[in-house]
$ cat my_file_18.txt   # compact mmCIF, C-alpha atoms
# COMPACT_ATOMS: atom_id res chain seq x y z
CA MET A 1 0.00 0.00 0.00
CA ARG A 2 1.36 3.42 -0.90
CA GLY A 3 2.02 6.11 1.74
CA GLY A 4 -0.91 8.29 0.66
CA GLN A 5 -3.32 5.35 0.75
CA ARG A 6 -1.99 4.31 4.17
CA ALA A 7 -2.58 7.84 5.52
CA ALA A 8 -6.09 7.91 4.08
CA VAL A 9 -7.15 4.82 6.05
CA ALA A 10 -5.33 5.85 9.24
CA PRO A 11 -7.57 7.09 12.06
CA VAL A 12 -8.25 10.82 12.28
CA ARG A 13 -7.62 12.41 15.67
CA GLN A 14 -9.17 15.73 16.61
CA PHE A 15 -7.62 17.67 19.50
CA THR A 16 -10.28 20.01 20.89
CA ASN A 17 -10.59 22.75 23.51
CA CYS A 18 -7.11 24.12 22.85
CA ARG A 19 -5.19 27.10 21.52
CA ILE A 20 -2.82 26.16 18.74
CA LEU A 21 0.27 28.13 17.73
CA ARG A 22 0.04 28.78 14.01
CA GLY A 23 1.27 31.69 11.92
CA GLY A 24 2.70 33.50 14.93
CA ALA A 25 -0.61 33.55 16.81
CA LEU A 26 -2.43 31.39 19.36
CA LEU A 27 -5.70 30.39 17.70
CA ARG A 28 -8.75 28.84 19.31
CA GLU A 29 -8.97 26.05 16.77
CA ASP A 30 -8.89 22.27 16.83
CA LEU A 31 -5.84 20.36 15.69
CA TRP A 32 -6.48 17.51 13.27
CA VAL A 33 -3.95 14.70 12.84
CA ARG A 34 -3.75 11.65 10.61
CA GLY A 35 -0.90 9.38 9.63
CA GLY A 36 1.61 11.35 11.69
CA ARG A 37 0.88 14.69 10.00
CA ILE A 38 -1.22 17.80 10.58
CA LEU A 39 -4.43 17.58 8.58
CA ASP A 40 -6.47 20.29 6.85
CA PRO A 41 -10.01 19.70 8.20
CA GLU A 42 -11.69 21.45 5.25
CA LYS A 43 -10.25 18.90 2.82
CA LEU A 44 -11.29 16.13 5.20
CA PHE A 45 -14.89 17.43 5.34
CA PHE A 46 -15.49 18.53 1.78
CA GLU A 47 -13.30 16.17 -0.25
CA GLU A 48 -13.39 12.99 1.82
CA ARG A 49 -16.68 13.58 3.68
CA ARG A 50 -15.06 12.29 6.87
CA MET A 51 -15.12 13.26 10.51
CA ALA A 52 -12.79 12.45 13.40
CA ASP A 53 -12.43 8.86 14.56
CA GLU A 54 -11.25 10.03 17.96
CA GLN A 55 -11.49 13.28 19.92
CA ARG A 56 -9.18 14.40 22.72
CA ASP A 57 -10.14 17.29 24.99
CA CYS A 58 -7.02 19.35 25.77
CA GLY A 59 -8.57 21.19 28.70
CA GLY A 60 -7.89 24.66 27.33
CA CYS A 61 -4.14 24.06 27.00
CA ILE A 62 -1.72 25.50 24.46
CA LEU A 63 -0.57 23.23 21.62
CA ALA A 64 2.79 24.31 20.24
CA PRO A 65 5.21 22.68 17.80
CA GLY A 66 7.66 20.31 19.49
CA PHE A 67 10.80 22.01 20.72
CA ILE A 68 14.06 21.57 18.78
CA ASP A 69 17.40 21.80 20.63
CA VAL A 70 20.33 22.28 18.24
CA GLN A 71 23.01 22.37 20.94
CA MET A 72 22.99 19.68 23.59
CA ASN A 73 26.23 18.14 24.87
CA GLY A 74 24.55 15.39 26.86
CA GLY A 75 22.45 14.97 29.96
CA PHE A 76 21.38 12.59 32.71
CA GLY A 77 24.93 11.28 33.05
CA VAL A 78 25.44 10.75 29.30
CA ASP A 79 28.36 12.58 27.65
CA PHE A 80 28.12 12.63 23.84
CA SER A 81 31.86 13.41 23.64
CA LYS A 82 32.83 10.15 25.34
CA ALA A 83 33.80 7.25 23.08
CA THR A 84 32.01 4.34 24.76
CA GLU A 85 31.35 0.99 23.09
CA ASP A 86 27.64 1.78 22.90
CA VAL A 87 27.20 5.49 22.25
CA GLY A 88 23.76 4.81 20.81
CA SER A 89 22.29 3.67 24.12
CA GLY A 90 23.39 6.92 25.76
CA VAL A 91 21.85 9.01 22.98
CA ALA A 92 18.66 6.97 23.32
CA LEU A 93 18.51 7.60 27.06
CA VAL A 94 18.81 11.36 26.59
CA ALA A 95 16.30 11.28 23.71
CA ARG A 96 13.80 9.58 26.00
CA ARG A 97 14.36 11.83 29.01
CA ILE A 98 14.00 15.14 27.13
CA LEU A 99 10.47 14.25 26.03
CA SER A 100 9.27 15.45 29.44
CA HIS A 101 10.69 18.88 28.58
CA GLY A 102 8.79 19.09 25.28
CA VAL A 103 11.82 18.41 23.05
CA THR A 104 10.85 16.30 20.03
CA SER A 105 14.07 16.71 17.97
CA PHE A 106 17.67 17.57 18.84
CA CYS A 107 21.26 17.75 17.66
CA PRO A 108 23.65 15.82 19.94
CA THR A 109 26.69 18.07 20.31
CA LEU A 110 30.35 17.11 20.60
CA VAL A 111 32.82 19.56 22.11
CA THR A 112 36.48 19.80 21.04
CA SER A 113 37.98 16.31 21.14
CA PRO A 114 40.91 14.37 19.64
CA PRO A 115 40.28 12.87 16.16
CA GLU A 116 39.90 9.31 17.48
CA ILE A 117 36.87 10.40 19.49
CA TYR A 118 35.10 11.79 16.41
CA HIS A 119 36.00 8.72 14.36
CA LYS A 120 34.51 6.40 16.97
CA VAL A 121 31.48 8.43 18.09
CA LEU A 122 30.09 9.99 14.90
CA PRO A 123 29.22 6.71 13.10
CA GLN A 124 27.24 5.69 16.20
CA ILE A 125 24.88 8.71 16.11
CA PRO A 126 22.80 8.38 12.93
CA VAL A 127 19.91 10.64 12.01
CA LYS A 128 16.82 9.02 13.50
CA SER A 129 13.10 9.78 13.57
CA GLY A 130 11.47 10.39 16.91
CA GLY A 131 8.78 8.21 18.42
CA PRO A 132 7.75 6.49 21.66
CA HIS A 133 11.43 5.62 22.14
CA GLY A 134 12.45 9.29 22.31
CA ALA A 135 13.09 12.56 20.50
CA GLY A 136 14.37 12.44 16.94
CA VAL A 137 18.06 12.98 16.12
CA LEU A 138 18.47 15.61 13.39
CA GLY A 139 22.23 15.19 13.05
CA VAL A 140 25.28 15.96 15.15
CA HIS A 141 26.52 19.44 16.04
CA LEU A 142 30.34 19.57 16.09
CA GLU A 143 31.45 22.50 18.26
CA GLY A 144 35.20 22.69 17.68
CA PRO A 145 38.07 21.90 17.40
CA PHE A 146 38.56 24.62 14.73
CA ILE A 147 38.06 27.50 17.16
CA SER A 148 40.00 30.34 18.79
CA ARG A 149 42.47 29.57 21.58
CA GLU A 150 41.68 32.90 23.19
CA LYS A 151 37.94 32.24 23.22
CA ARG A 152 37.99 28.47 23.70
CA GLY A 153 35.96 28.70 26.92
CA ALA A 154 35.60 25.20 28.35
CA HIS A 155 37.17 23.51 25.30
CA PRO A 156 40.51 21.76 26.03
CA GLU A 157 43.38 23.73 24.48
CA ALA A 158 45.43 20.61 23.72
CA TYR A 159 42.96 19.46 21.05
CA LEU A 160 42.29 22.74 19.24
CA ARG A 161 43.18 22.75 15.56
CA SER A 162 43.62 25.22 12.70
CA PHE A 163 43.15 24.68 8.96
CA GLU A 164 46.35 23.69 7.19
CA ALA A 165 47.18 23.80 3.46
CA ASN A 166 44.48 21.27 2.52
CA ALA A 167 41.78 22.91 4.60
CA PHE A 168 38.79 20.66 3.92
CA HIS A 169 40.94 17.54 3.93
CA ASP A 170 42.04 18.56 7.43
CA VAL A 171 38.37 18.67 8.42
CA LEU A 172 37.76 15.19 7.04
CA ALA A 173 40.92 13.85 8.69
CA THR A 174 39.76 15.25 12.01
CA TYR A 175 36.10 14.26 11.93
CA GLY A 176 36.03 11.29 9.57
CA ALA A 177 32.83 10.81 7.58
CA LEU A 178 30.38 13.71 7.75
CA ASP A 179 27.24 11.70 6.93
CA ASN A 180 25.70 12.21 10.38
CA VAL A 181 26.80 15.86 10.84
CA ARG A 182 24.26 18.70 10.71
CA ILE A 183 26.10 21.72 12.22
CA VAL A 184 29.77 22.69 12.57
CA THR A 185 30.84 25.58 14.81
CA LEU A 186 34.12 27.21 13.77
CA ALA A 187 36.01 30.50 14.20
CA PRO A 188 35.84 32.46 10.91
CA GLU A 189 39.15 34.28 11.52
CA LEU A 190 41.09 31.03 11.05
CA HIS A 191 43.12 30.99 7.82
CA ARG A 192 41.31 29.19 4.96
CA SER A 193 38.03 29.06 6.89
CA HIS A 194 36.12 30.36 3.85
CA GLU A 195 37.08 27.27 1.84
CA VAL A 196 35.83 25.08 4.65
CA ILE A 197 32.56 27.02 5.01
CA GLN A 198 31.84 26.66 1.31
CA ALA A 199 32.70 22.96 1.30
CA LEU A 200 30.55 22.20 4.35
CA THR A 201 27.53 24.16 3.11
CA ALA A 202 27.83 22.42 -0.28
CA GLN A 203 27.21 19.18 1.64
CA GLY A 204 24.13 20.60 3.34
CA ILE A 205 25.88 21.19 6.66
CA CYS A 206 25.01 24.35 8.59
CA VAL A 207 28.08 26.41 9.54
CA SER A 208 27.95 28.37 12.77
CA LEU A 209 30.34 31.08 13.95
CA GLY A 210 31.52 30.85 17.54
CA HIS A 211 34.39 30.60 20.04
CA SER A 212 35.96 33.37 18.02
CA VAL A 213 37.82 36.70 18.13
CA ALA A 214 36.53 37.67 14.67
CA ASP A 215 35.71 41.30 13.98
CA LEU A 216 32.49 42.19 12.19
CA GLY A 217 34.17 42.30 8.77
CA ALA A 218 35.46 38.73 9.09
CA ALA A 219 32.06 37.56 10.32
CA GLU A 220 30.28 39.22 7.38
CA VAL A 221 32.62 37.56 4.89
CA ALA A 222 31.93 34.19 6.55
CA VAL A 223 28.19 34.73 6.13
CA GLN A 224 28.73 35.73 2.51
CA HIS A 225 30.48 32.37 2.04
CA GLY A 226 27.55 30.46 3.55
CA ALA A 227 27.58 30.63 7.35
CA THR A 228 24.04 30.96 8.75
CA PHE A 229 24.27 30.62 12.55
CA ILE A 230 26.01 32.09 15.58
CA THR A 231 26.81 29.75 18.47
CA HIS A 232 25.58 31.00 21.88
CA LEU A 233 25.58 34.73 21.14
CA PHE A 234 27.66 36.92 23.50
CA ASN A 235 29.42 33.88 25.00
CA ALA A 236 32.96 33.00 23.81
CA MET A 237 33.30 35.94 21.39
CA LEU A 238 34.57 39.51 21.47
CA PRO A 239 32.31 41.79 23.50
CA PHE A 240 30.24 44.35 21.63
CA HIS A 241 32.17 47.56 20.93
CA HIS A 242 30.65 50.57 19.21
CA ARG A 243 33.49 50.87 16.66
CA ASP A 244 33.62 47.16 15.93
CA PRO A 245 30.70 45.14 17.29
CA GLY A 246 32.31 41.82 16.29
CA ILE A 247 30.13 38.80 15.57
CA VAL A 248 27.30 40.38 17.59
CA GLY A 249 27.07 43.05 14.87
CA LEU A 250 25.73 40.47 12.41
CA LEU A 251 22.30 40.92 14.00
CA THR A 252 21.94 44.33 12.35
CA SER A 253 24.53 44.13 9.55
CA ASP A 254 23.67 45.60 6.14
CA GLN A 255 26.36 43.52 4.42
CA LEU A 256 24.54 40.19 4.39
CA PRO A 257 23.30 38.58 1.16
CA PRO A 258 19.82 39.84 0.11
CA GLY A 259 17.04 37.98 1.89
CA HIS A 260 19.53 36.20 4.11
CA CYS A 261 18.47 35.66 7.74
CA ILE A 262 21.25 35.11 10.25
CA PHE A 263 20.19 32.90 13.15
CA TYR A 264 21.81 32.96 16.57
CA GLY A 265 21.67 30.69 19.59
CA MET A 266 20.86 32.04 23.05
CA ILE A 267 21.32 30.21 26.34
CA ALA A 268 18.47 31.62 28.43
CA ASP A 269 19.27 29.72 31.63
CA GLY A 270 19.60 32.80 33.85
CA ILE A 271 23.36 32.24 34.13
CA HIS A 272 24.99 32.59 30.70
CA THR A 273 23.25 35.74 29.52
CA ASN A 274 22.11 38.76 31.49
CA PRO A 275 18.40 39.56 30.98
CA ALA A 276 19.35 42.96 29.50
CA ALA A 277 21.51 41.20 26.88
CA LEU A 278 18.63 38.85 26.07
CA ARG A 279 16.38 41.86 25.55
CA ILE A 280 18.91 43.66 23.35
CA ALA A 281 19.35 40.64 21.07
CA HIS A 282 15.65 39.88 20.84
CA ARG A 283 14.65 43.45 20.08
CA ALA A 284 17.42 43.84 17.50
CA HIS A 285 16.66 40.66 15.55
CA PRO A 286 13.74 38.64 16.96
CA GLN A 287 13.18 36.44 13.90
CA GLY A 288 16.71 34.97 14.14
CA LEU A 289 16.71 34.01 17.81
CA VAL A 290 17.09 30.29 18.51
CA LEU A 291 16.87 29.09 22.10
CA VAL A 292 19.43 26.40 22.92
CA THR A 293 20.13 24.63 26.20
CA ASP A 294 23.85 23.91 25.70
CA ALA A 295 23.06 21.20 28.24
CA VAL A 296 25.95 19.23 29.72
CA PRO A 297 25.96 15.62 31.01
CA ALA A 298 25.20 16.95 34.51
CA LEU A 299 21.69 17.97 33.39
CA GLY A 300 19.26 16.26 35.77
CA LEU A 301 21.93 14.99 38.19
CA GLY A 302 22.37 17.74 40.78
CA ASN A 303 25.49 19.05 42.51
CA GLY A 304 28.85 17.31 42.28
CA ARG A 305 31.58 16.42 39.79
CA HIS A 306 30.73 15.26 36.30
CA THR A 307 32.40 15.21 32.85
CA LEU A 308 32.23 17.12 29.59
CA GLY A 309 34.38 15.47 26.95
CA GLN A 310 37.98 15.45 28.15
CA GLN A 311 37.32 17.75 31.13
CA GLU A 312 35.90 17.49 34.63
CA VAL A 313 32.92 19.67 35.50
CA GLU A 314 31.72 20.88 38.87
CA VAL A 315 28.06 21.74 39.41
CA ASP A 316 26.94 23.99 42.23
CA GLY A 317 23.29 24.96 42.16
CA LEU A 318 22.47 26.28 38.69
CA ILE A 319 26.10 26.82 37.65
CA ALA A 320 28.35 24.32 35.85
CA CYS A 321 32.08 25.19 35.62
CA ILE A 322 35.29 23.46 34.65
CA ALA A 323 36.42 21.93 37.94
CA GLY A 324 38.69 24.27 39.92
CA THR A 325 37.87 27.30 37.78
CA LYS A 326 35.08 29.81 37.22
CA THR A 327 34.85 29.03 33.50
CA LEU A 328 31.26 28.24 32.54
CA CYS A 329 30.89 25.01 30.60
CA GLY A 330 27.34 24.64 29.44
CA SER A 331 24.00 24.69 31.15
CA ILE A 332 21.98 22.41 33.38
CA ALA A 333 18.64 24.01 32.46
CA PRO A 334 16.29 22.00 30.20
CA MET A 335 14.52 23.61 27.26
CA ASP A 336 11.18 24.32 28.93
CA VAL A 337 12.96 26.14 31.76
CA CYS A 338 14.90 28.23 29.21
CA ILE A 339 11.67 29.17 27.43
CA ARG A 340 10.01 30.31 30.64
CA HIS A 341 13.07 32.33 31.68
CA PHE A 342 13.32 33.90 28.21
CA LEU A 343 9.66 34.90 28.33
CA GLN A 344 10.03 36.46 31.77
CA ALA A 345 13.35 38.18 31.02
CA THR A 346 12.41 39.74 27.68
CA GLY A 347 8.71 40.42 28.18
CA CYS A 348 8.11 39.02 24.71
CA SER A 349 4.87 37.33 23.71
CA VAL A 350 4.21 33.67 24.50
CA GLU A 351 4.10 33.07 20.75
CA SER A 352 7.59 34.55 20.25
CA ALA A 353 9.07 32.51 23.09
CA LEU A 354 7.63 29.28 21.73
CA GLU A 355 8.70 29.99 18.14
CA ALA A 356 12.28 30.63 19.31
CA ALA A 357 12.39 26.99 20.42
CA SER A 358 10.53 25.49 17.47
CA LEU A 359 10.02 27.43 14.23
CA HIS A 360 13.37 29.24 14.27
CA PRO A 361 15.60 26.17 14.75
CA ALA A 362 13.57 24.39 12.08
CA GLN A 363 14.15 27.30 9.69
CA LEU A 364 17.85 27.30 10.54
CA LEU A 365 18.11 23.66 9.48
CA GLY A 366 15.84 24.05 6.45
CA LEU A 367 13.16 21.82 7.99
CA GLU A 368 10.33 24.33 8.30
CA LYS A 369 8.08 22.40 5.89
CA THR A 370 7.96 19.43 8.28
CA LYS A 371 9.18 20.60 11.70
CA GLY A 372 8.68 23.64 13.91
CA SER A 373 5.12 24.48 12.90
CA LEU A 374 1.56 23.16 13.07
CA ASP A 375 0.85 24.03 9.45
CA PHE A 376 -1.11 21.56 7.33
CA GLY A 377 1.15 18.76 6.11
CA ALA A 378 3.79 19.25 8.81
CA ASP A 379 4.84 16.42 11.09
CA ALA A 380 2.48 16.15 14.07
CA ASP A 381 5.24 16.73 16.63
CA PHE A 382 3.77 18.97 19.30
CA VAL A 383 3.75 19.78 22.98
CA VAL A 384 0.78 20.43 25.26
CA LEU A 385 1.42 23.30 27.71
CA ASP A 386 -0.49 24.97 30.50
CA ASP A 387 -0.73 28.75 30.75
CA THR A 388 2.55 28.91 32.68
CA LEU A 389 4.28 26.96 29.86
CA HIS A 390 4.83 23.81 31.89
CA VAL A 391 4.74 20.68 29.75
CA GLN A 392 1.65 18.52 30.18
CA ALA A 393 2.18 16.11 27.29
CA THR A 394 4.43 15.53 24.29
CA TYR A 395 3.39 14.03 20.96
CA ILE A 396 5.54 12.78 18.08
CA SER A 397 3.89 11.90 14.75
CA GLY A 398 0.54 12.40 16.48
CA GLU A 399 1.24 9.73 19.10
CA LEU A 400 1.46 10.44 22.82
CA VAL A 401 5.08 9.82 23.92
CA TRP A 402 5.07 11.50 27.35
CA LYS A 403 2.41 12.67 29.78
CA ALA A 404 2.67 14.47 33.10
CA GLU A 405 1.45 12.53 36.10
CA GLU A 406 -2.00 13.47 37.29
CA THR A 407 -1.91 15.64 40.40
CA GLY A 408 -4.37 15.06 43.17
CA PRO A 409 -6.98 17.57 44.36
$ encode --input "my_file_18.txt" --output "structure tokens"
Amino acid sequence: MRGGQRAAVAPVRQFTNCRILRGGALLREDLWVRGGRILDPEKLFFEERRMADEQRDCGGCILAPGFIDVQMNGGFGVDFSKATEDVGSGVALVARRILSHGVTSFCPTLVTSPPEIYHKVLPQIPVKSGGPHGAGVLGVHLEGPFISREKRGAHPEAYLRSFEANAFHDVLATYGALDNVRIVTLAPELHRSHEVIQALTAQGICVSLGHSVADLGAAEVAVQHGATFITHLFNAMLPFHHRDPGIVGLLTSDQLPPGHCIFYGMIADGIHTNPAALRIAHRAHPQGLVLVTDAVPALGLGNGRHTLGQQEVEVDGLIACIAGTKTLCGSIAPMDVCIRHFLQATGCSVESALEAASLHPAQLLGLEKTKGSLDFGADADFVVLDDTLHVQATYISGELVWKAEETGP
């Protein structure tokens, strides 16, 4: 049976008594789902003469597209930058646990590591659809090792690399096969970086600028060569200066290709970025803001010593630092917490906060036709939220994959 025929005989589910996020607005409409996709009810009524096979009352909740986290280093004791014999089981554990935070797709992220780590780990993290087993894997985000020594942050200096004479061949020698890679973060001031940016984008890989001392001119040239993202804006880059705003200046640059939208990641955990900085970025370029967790393996574990790649991490309260230092090394705040903090800190609309964790990352990765929206034909990946944006349930392909426990009277 063909896919279209299979969808036609699949049961139709109607989610009622809800407000759905569509077209930048919360609409009091029902959500119709069949065969894992969002359905146009008018076509169902007038062309097929069908009604819903099942109705689900959402109790007045918000239905938003499933959240997409494009920068997650691990969580719940799993470190994606560790070369274990069974990397896949660790990825699966994280994929399952983040469903409770509304995340339906993510990019496992590897920090700067020696080549043997990439060669062993990358083949074990294939792109994978989400489902009852956990959130979908959209591809790996490689953050480093082609970054600035001065702005390396928590990345181990011993494994940093620059581009040599055969720039892209150096990339392949370092990472190995790029089949499972979706994003690469690099410093655009490195010699021959433009060759690498062009080669990566030609393979459909998103290039992000970060951990860099680039001035605005170098950043603009990188974007002109194909870069589309900025890794955790404000963190691990030159601070904004009125005569040379550095990478931050891309948010309002007039030197970008026509129609080109630059996206930028923000860690809205209440630690990495001051609320005033969040407000400045959002007001300057709201349509490019992508909320990321930058979560580390200590996510969900509490205080104590943990790992991040080749380094030891110490967690105290909400702060994770390289052990024995005050250098921040990722966040321990899950995506739903970041969304709520972003909403409170910026005073933006609920719609804007939710789109920063769904539509914008989907647009960044060129997936907006299937992910990040509740438009007709899109994948039925969505999250059910109460008015305070706490997750009540998570759906992938129209199937319930996580539900909050019922609370007593």
$ atom_distance --input "my_file_18.txt" --atom1 "CA of Glu54 in chain A" --atom2 "CA of Gln392 in chain A"
19.7 Å
$ closest_atom_pairs --input "my_file_18.txt" --of "range 206-258 of chain A" --to "range 71-91 of chain A" --cutoff "12 Å" --atoms "all atoms listed in the file" --output "Markdown table"
| residue | atom | partner | partner_atom | distance |
| --- | --- | --- | --- | --- |
| A:Ser208 | CA | A:Gln71 | CA | 11.3 |
| A:Phe229 | CA | A:Gln71 | CA | 11.8 |
| A:Ile230 | CA | A:Gln71 | CA | 11.5 |
| A:Thr231 | CA | A:Gln71 | CA | 8.7 |
| A:His232 | CA | A:Gln71 | CA | 9.1 |
$ residues_around --input "my_file_18.txt" --residues "Arg305 in chain A" --least-positions-apart "6" --cutoff "10 Å" --atoms "all atoms listed in the file" --output "ChimeraX atom specification"
/A:298,312-316,320-323
$ residues_near_point --input "my_file_18.txt" --point "(8.7, 11.7, 20.1)" --cutoff "10 Å" --atoms "only C-alpha atoms" --output "PyMOL selection string"
chain A and resi 66+95-96+98-99+102-105+129-136+380-383+394-402
$ write_last_selection --input "my_file_18.txt" --atoms "C-alpha atoms" --output "PDB file, keeping the file's coordinate frame"
ATOM      1  CA  GLY A  66       7.660  20.310  19.490  1.00  0.00           C
ATOM      2  CA  ALA A  95      16.300  11.280  23.710  1.00  0.00           C
ATOM      3  CA  ARG A  96      13.800   9.580  26.000  1.00  0.00           C
ATOM      4  CA  ILE A  98      14.000  15.140  27.130  1.00  0.00           C
ATOM      5  CA  LEU A  99      10.470  14.250  26.030  1.00  0.00           C
ATOM      6  CA  GLY A 102       8.790  19.090  25.280  1.00  0.00           C
ATOM      7  CA  VAL A 103      11.820  18.410  23.050  1.00  0.00           C
ATOM      8  CA  THR A 104      10.850  16.300  20.030  1.00  0.00           C
ATOM      9  CA  SER A 105      14.070  16.710  17.970  1.00  0.00           C
ATOM     10  CA  SER A 129      13.100   9.780  13.570  1.00  0.00           C
ATOM     11  CA  GLY A 130      11.470  10.390  16.910  1.00  0.00           C
ATOM     12  CA  GLY A 131       8.780   8.210  18.420  1.00  0.00           C
ATOM     13  CA  PRO A 132       7.750   6.490  21.660  1.00  0.00           C
ATOM     14  CA  HIS A 133      11.430   5.620  22.140  1.00  0.00           C
ATOM     15  CA  GLY A 134      12.450   9.290  22.310  1.00  0.00           C
ATOM     16  CA  ALA A 135      13.090  12.560  20.500  1.00  0.00           C
ATOM     17  CA  GLY A 136      14.370  12.440  16.940  1.00  0.00           C
ATOM     18  CA  ALA A 380       2.480  16.150  14.070  1.00  0.00           C
ATOM     19  CA  ASP A 381       5.240  16.730  16.630  1.00  0.00           C
ATOM     20  CA  PHE A 382       3.770  18.970  19.300  1.00  0.00           C
ATOM     21  CA  VAL A 383       3.750  19.780  22.980  1.00  0.00           C
ATOM     22  CA  THR A 394       4.430  15.530  24.290  1.00  0.00           C
ATOM     23  CA  TYR A 395       3.390  14.030  20.960  1.00  0.00           C
ATOM     24  CA  ILE A 396       5.540  12.780  18.080  1.00  0.00           C
ATOM     25  CA  SER A 397       3.890  11.900  14.750  1.00  0.00           C
ATOM     26  CA  GLY A 398       0.540  12.400  16.480  1.00  0.00           C
ATOM     27  CA  GLU A 399       1.240   9.730  19.100  1.00  0.00           C
ATOM     28  CA  LEU A 400       1.460  10.440  22.820  1.00  0.00           C
ATOM     29  CA  VAL A 401       5.080   9.820  23.920  1.00  0.00           C
ATOM     30  CA  TRP A 402       5.070  11.500  27.350  1.00  0.00           C
TER      31      TRP A 402
END
$ atom_distance --input "my_file_18.txt" --atom1 "CA of Gln363 in chain A" --atom2 "CA of Arg34 in chain A"
23.8 Å
$ residues_near_point --input "my_file_18.txt" --point "(-6.2, 21.0, 25.6)" --cutoff "12 Å" --atoms "all atoms listed in the file" --output "mmCIF file with C-alpha atoms, in the frame of the given file"
data_model
loop_
_atom_site.group_PDB
_atom_site.id
_atom_site.type_symbol
_atom_site.label_atom_id
_atom_site.label_comp_id
_atom_site.auth_asym_id
_atom_site.auth_seq_id
_atom_site.Cartn_x
_atom_site.Cartn_y
_atom_site.Cartn_z
ATOM 1 C CA GLN A 14 -9.170 15.730 16.610
ATOM 2 C CA PHE A 15 -7.620 17.670 19.500
ATOM 3 C CA THR A 16 -10.280 20.010 20.890
ATOM 4 C CA ASN A 17 -10.590 22.750 23.510
ATOM 5 C CA CYS A 18 -7.110 24.120 22.850
ATOM 6 C CA ARG A 19 -5.190 27.100 21.520
ATOM 7 C CA ILE A 20 -2.820 26.160 18.740
ATOM 8 C CA ARG A 28 -8.750 28.840 19.310
ATOM 9 C CA GLU A 29 -8.970 26.050 16.770
ATOM 10 C CA ASP A 30 -8.890 22.270 16.830
ATOM 11 C CA LEU A 31 -5.840 20.360 15.690
ATOM 12 C CA GLN A 55 -11.490 13.280 19.920
ATOM 13 C CA ARG A 56 -9.180 14.400 22.720
ATOM 14 C CA ASP A 57 -10.140 17.290 24.990
ATOM 15 C CA CYS A 58 -7.020 19.350 25.770
ATOM 16 C CA GLY A 59 -8.570 21.190 28.700
ATOM 17 C CA GLY A 60 -7.890 24.660 27.330
ATOM 18 C CA CYS A 61 -4.140 24.060 27.000
ATOM 19 C CA ILE A 62 -1.720 25.500 24.460
ATOM 20 C CA LEU A 63 -0.570 23.230 21.620
ATOM 21 C CA ALA A 64 2.790 24.310 20.240
ATOM 22 C CA PHE A 382 3.770 18.970 19.300
ATOM 23 C CA VAL A 383 3.750 19.780 22.980
ATOM 24 C CA VAL A 384 0.780 20.430 25.260
ATOM 25 C CA LEU A 385 1.420 23.300 27.710
ATOM 26 C CA ASP A 386 -0.490 24.970 30.500
ATOM 27 C CA ASP A 387 -0.730 28.750 30.750
ATOM 28 C CA VAL A 391 4.740 20.680 29.750
ATOM 29 C CA GLN A 392 1.650 18.520 30.180
ATOM 30 C CA ALA A 393 2.180 16.110 27.290
#
$ closest_residue --input "my_file_18.txt" --among "A:Leu301, A:Val33, A:Leu291, A:Val9" --to "Leu374 in chain A" --atoms "only C-alpha atoms"
A:Val33
$ atom_distance --input "my_file_18.txt" --atom1 "CA of Gly226 in chain A" --atom2 "CA of Gly210 in chain A"
14.5 Å
$ closest_residue --input "my_file_18.txt" --among "A:Gln203, A:Thr293, A:Asn274, A:Ser193" --to "Val337 in chain A" --atoms "all atoms listed in the file"
A:Thr293
$ closest_residue --input "my_file_18.txt" --among "A:Leu21, A:Leu44, A:Ile197, A:Ile267" --to "Pro65 in chain A" --atoms "only C-alpha atoms"
A:Leu21
$ residues_around --input "my_file_18.txt" --residues "Ala222 in chain A" --least-positions-apart "2" --cutoff "8 Å" --atoms "only C-alpha atoms" --output "NGL selection string"
:A and (188 or 193-194 or 197 or 218-220 or 224-227)
$ residues_around --input "my_file_18.txt" --residues "Ala236 in chain A" --least-positions-apart "3" --cutoff "7 Å" --atoms "only C-alpha atoms" --output "JSON, numbers by chain"
{"A": [151, 152, 153, 210, 211, 212]}
$ build_atoms --input "my_file_18.txt" --residues "range 49-56 of chain A" --atoms "N, CA and C atoms" --output "PDB file, in the frame of the given file"
ATOM      1  N   ARG A  49     -15.428  13.746   2.940  1.00  0.00           N
ATOM      2  CA  ARG A  49     -16.680  13.580   3.680  1.00  0.00           C
ATOM      3  C   ARG A  49     -16.469  12.745   4.946  1.00  0.00           C
ATOM      4  N   ARG A  50     -15.376  13.056   5.662  1.00  0.00           N
ATOM      5  CA  ARG A  50     -15.060  12.290   6.870  1.00  0.00           C
ATOM      6  C   ARG A  50     -15.058  13.197   8.094  1.00  0.00           C
ATOM      7  N   MET A  51     -15.229  12.572   9.235  1.00  0.00           N
ATOM      8  CA  MET A  51     -15.120  13.260  10.510  1.00  0.00           C
ATOM      9  C   MET A  51     -14.033  12.566  11.328  1.00  0.00           C
ATOM     10  N   ALA A  52     -13.830  13.027  12.551  1.00  0.00           N
ATOM     11  CA  ALA A  52     -12.790  12.450  13.400  1.00  0.00           C
ATOM     12  C   ALA A  52     -13.190  11.065  13.891  1.00  0.00           C
ATOM     13  N   ASP A  53     -12.218  10.181  13.962  1.00  0.00           N
ATOM     14  CA  ASP A  53     -12.430   8.860  14.560  1.00  0.00           C
ATOM     15  C   ASP A  53     -12.274   8.914  16.074  1.00  0.00           C
ATOM     16  N   GLU A  54     -11.524   9.919  16.526  1.00  0.00           N
ATOM     17  CA  GLU A  54     -11.250  10.030  17.960  1.00  0.00           C
ATOM     18  C   GLU A  54     -11.088  11.501  18.308  1.00  0.00           C
ATOM     19  N   GLN A  55     -11.648  11.909  19.436  1.00  0.00           N
ATOM     20  CA  GLN A  55     -11.490  13.280  19.920  1.00  0.00           C
ATOM     21  C   GLN A  55     -10.764  13.275  21.253  1.00  0.00           C
ATOM     22  N   ARG A  56      -9.882  14.256  21.439  1.00  0.00           N
ATOM     23  CA  ARG A  56      -9.180  14.400  22.720  1.00  0.00           C
ATOM     24  C   ARG A  56      -9.354  15.835  23.207  1.00  0.00           C
TER      25      ARG A  56
END
